[in-house]
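Asker: Handing you a structure now.
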Amino acid sequence: MMPDLAQQQSAKLVLLGEMGSGKSSLVLRFVKGQFFDYQESTIGAAFLTKPLPEYNVKFEIWDTAGQERYHSLAPMYYRGAAAAIIVYDVTSADSFVRAKNWVKELQRTGNANMIMALAGNKADLVKGDSSSRQVPTEEARAYADEHGLYFVETSAKEATNVDELFEEIAKRLPKAEVPRQSSGSVPLEQTQPAQASSSKCCS
Amino acid sequence: MRIEPTEFDLVVLGTGLENSLIAGAAAKAGKSVLHVDDGEVYGDDWGSLTLAELKARLEAPPQSQEAIDLGEEVEGLGVRRLARDSHPYSNVEIHEADGVDTGPSRDYTIDLAPKVAYCIEPLIEVLLKSGAHQYLDFRLVECSYIWQHGQLRKVPASRSDVFRDRSLKSSEKRMLTQFLKMVVSKLGDEQEEIASDRPFVGWLEEQGLSKPLAELVLYAVAMGEQTGTMTTTQGVAALGLYLASMGRYRDGSGAFMIPYYGSGDLPQAFCRLCAVKGGIYVLRCPLAACLTEPGSQECRGVITQEGQHISCHGLVASQQWLRSFLADAENGASQQQCRLSRAVCVTDGSLREGESQVLVVFPPGSVGGKNDRVIHAIQVGHPVCPKGRFLLYLCCHSTAETAKQDLADAVACLLREVPDGQNTPSESCSTIKDTAPQMEQSRNARNCIDAKEHEPVEGTTPEATAEGERLEAGCAPEGADVLVDVRPKASFVCYYNETVELHPPCAALPSNVASCSGPGGLIGYREHVASAEAGFGKLFPDEEFYPVVMPTTLQDSDDEALGDLEATLTTIGAAGD
């Protein structure tokens, strides 16, 4: 029997990485199965949700909203995340350096139980002809192993390893933890029903 | 670093709450926004910092920028320097207990502007309307206390609280219940018979409330700040706000809540909202000057410290950046400022066992008769500090020379040991001896009691007084029979004054420049939302401040978010074809 949706654990998932490494494309591919070629920067998505009933988890996927462009990402973005995907572009050595900085930043400030994955995106660009590749697979894999990250090369364009990436994270999430809804926190939209009716009679 | 594009509807300088509210509202209204801050982190004077960052921020002013050569005129426009000419913090005193490990600095998220929000107030409505509530969590303030007769007295948060409260005599319980019932019924009907400019405190006494109860209602329910200044009209409105907030989110809870990860989340949430709607964010980016139209002085652009010119049709900045405009207009007229005294303590336990978020109100005169103004204190615990520790913030309008003079006695009431060189246990005893010579030595060792408030309250029965005195042993749990000082100890305390610029005189600025005020005291955000709304209205008179009611279910907002994303991508894709 399919688990009740309300019973699903919701987990905040963030994507970090240099501008243009394909963070939003990965999200869009995963959530909607779509890909857009001319995506320059991200506008408009606060966060998206995607349930994975077979893993009893519902991802709340946050987008950087472009704040990383001038290295001004608000800490609120990655705080409280259950999982982070650090994305780089396999054709850009700079983006790999930036990804490693993000790993450092998360290990410094983040939750110690955060699941981290390293995704070398745009693998389609080096398929067959690896002349434009700037980050060797083995180098990235060694780095990921050393830092306890799940590693995979992906292509949002060709849907390579995208579902696998998110599913692997779902598998690794600690089953009991519910990080997004912090204990004792108040969902602002859920007011007491009694209050609603009493305020109506006073108005 | 070059900012692209180079033309915006609005440039916002500083990521304080009011600035961020305006930035978010403008982006929501479809304006292009560039939002910059000269600091390393979000929030400006509204931010939340680690322990190490807090010390650094208070002690050293933000790096004043080197003046770059701008000349008098650029392409026919005047050049008006934007410079932060003063540091808001003064009289900073930081004390740490020797040999006590407060834990890693980064485990602390310390608010520069700690505040509680009413569960119903414009800020919460704006969060809900804009959808920004999805970015942050709140937690309820579990209990409010008022400092009366040298002890913490619980402020009843529900009818059952009133009945359970052992410090209330049954006559007082009746009085209070009837009074609250009466207020609710008055608020319900439209009759304005209680509207009056008379002092609220007199009206409360006319309603038959005893003096301690009137004090409780005035300071801990209506949140009055000074005896006599609140009118009956204001007081009744404040009661209405409190009563409506009470129980909005949980039965029997108080009227207030507080951002889960610190108040610095609030500006960040509105910045994120603005970014999601296309706003561009650049930290570590001071602006050197504003380009102004000769004559009207309207802002036509800004120059970054790196010398890049950016065109804009409007400018928002914290008041402290806009002095050069105000100097012309006001010419020596006094700026509207207020001076706050603040304290931050790291303690080793809660003021009340089992409670984490606690609000304490010290009415005027309740701390050794010395405090002319109300002192507010907020306690918060993990995750803004390590587990087992608590942050205690105190704040009042300053009347003394330094923050420490204003607040050290109140700190000493709540805490057993404070490493500030003033309130070691032996010294606080001697303070008590001076003011309470009639007290026994043995009790002095454990108590911090205001002698003037110690006289039996009119009409108090002997039993009640005895019970009261037992409870006066520090903050012993209600009903405790043993005199044990269970108050927490502080391992870190920091006092400072903050000069806050209030209600900026918008009219003194050019028509397309709005300024934002700094944070005020600990209670509520109403004036800040109002100030941001006024600033926004000045710049964009045809737009509404946060008009759209977002669908509140996750599924609907998801669809909207997806719709936005797809629309954007499609546009970009189409443009590329």
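Following the order of the structure tokens, first chain is A, next is B, and so on, with residues numbered from 1 inside each chain and ligands from 1 in the order they appear.
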Could you name the residues that touch region 273-290 of chain B at 6 Å or less, counting only C-alpha atoms, but leaving out those on the same chain fewer than 3 positions away, as a VMD selection string?
Answerer: (chain A and resid 43 to 46 65 67 70 72) or (chain B and resid 24 27 33 to 40 79 to 82 270 301 to 305)
Asker: Using only C-alpha atoms, which of A:Gln107, A:Asn101, A:Asn113, A:Thr160 sits nearest Leu173 (chain A)?
Answerer: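 Nearest to Leu173 (chain A): A:Asn113.
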Asker: Would you mind listing what lies within 9 Å of Ala113 (chain B) as an mmCIF file with C-alpha atoms, in the first residue's frame, with only C-alpha atoms counted and same-chain residues fewer than 5 positions away left out?
Answerer:
```
data_model
loop_
_atom_site.group_PDB
_atom_site.id
_atom_site.type_symbol
_atom_site.label_atom_id
_atom_site.label_comp_id
_atom_site.auth_asym_id
_atom_site.auth_seq_id
_atom_site.Cartn_x
_atom_site.Cartn_y
_atom_site.Cartn_z
ATOM 1 C CA ASP B 45 21.894 46.336 12.141
ATOM 2 C CA TRP B 46 19.090 43.766 11.984
ATOM 3 C CA GLY B 47 21.296 40.766 11.371
ATOM 4 C CA SER B 48 22.189 37.758 13.455
ATOM 5 C CA SER B 263 15.566 37.661 13.973
ATOM 6 C CA GLY B 264 18.159 37.989 11.213
ATOM 7 C CA GLY B 518 17.021 51.208 12.526
ATOM 8 C CA PRO B 519 15.570 48.642 14.915
ATOM 9 C CA GLY B 520 13.698 49.765 18.011
ATOM 10 C CA GLY B 521 12.941 47.929 21.245
ATOM 11 C CA LEU B 522 12.054 44.292 21.807
#
```
Asker: May I ask for the distance between CA of Ser92 (chain A) and CA of Arg69 (chain A), given in Å to one decimal place?
Answerer: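 Taking CA of Ser92 (chain A) as the start and CA of Arg69 (chain A) as the end point, the length is 16.1 Å.
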Asker: Between CA of Val31 (chain A) and CA of Ala82 (chain A), what is the spacing in Å?
Answerer: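 The value is 17.9 Å.
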Asker: For Leu77 (chain B), work out the shell of residues within 7 Å, counting only C-alpha atoms and skipping chain neighbours fewer than 5 positions away, then give it as a ChimeraX atom specification.
Answerer: /B:291-294
Asker: Could those selected residues go to a file with N, CA, C and O atoms, as a CSV table (one decimal), in the first residue's frame?
Answerer:
```csv
chain,number,residue,atom,x,y,z
B,291,LEU,N,23.9,60.0,-7.7
B,291,LEU,CA,23.9,61.0,-8.7
B,291,LEU,C,22.5,61.7,-8.7
B,291,LEU,O,21.5,61.1,-8.8
B,292,THR,N,22.5,63.0,-8.6
B,292,THR,CA,21.3,63.7,-8.5
B,292,THR,C,21.0,64.7,-9.6
B,292,THR,O,21.9,65.4,-10.1
B,293,GLU,N,19.8,64.9,-9.9
B,293,GLU,CA,19.3,65.9,-10.8
B,293,GLU,C,19.5,67.3,-10.3
B,293,GLU,O,19.1,67.5,-9.1
B,294,PRO,N,20.1,68.2,-11.0
B,294,PRO,CA,20.2,69.5,-10.4
B,294,PRO,C,18.8,70.1,-10.2
B,294,PRO,O,17.9,69.8,-11.0
```
Asker: Pick out each residue of region 289-385 of chain B that DSSP on the backbone tags as helix (DSSP H, G or I); I need them as a count of residues only.
Answerer: 11
Asker: In terms of the shortest atom-to-atom distance over only C-alpha atoms, which of B:Cys271, B:Cys396, B:Val183, B:Ala412 is closest to Leu17 (chain B)?
Answerer: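 Comparing B:Cys271, B:Cys396, B:Val183, B:Ala412 against Leu17 (chain B), the winner is B:Cys271.
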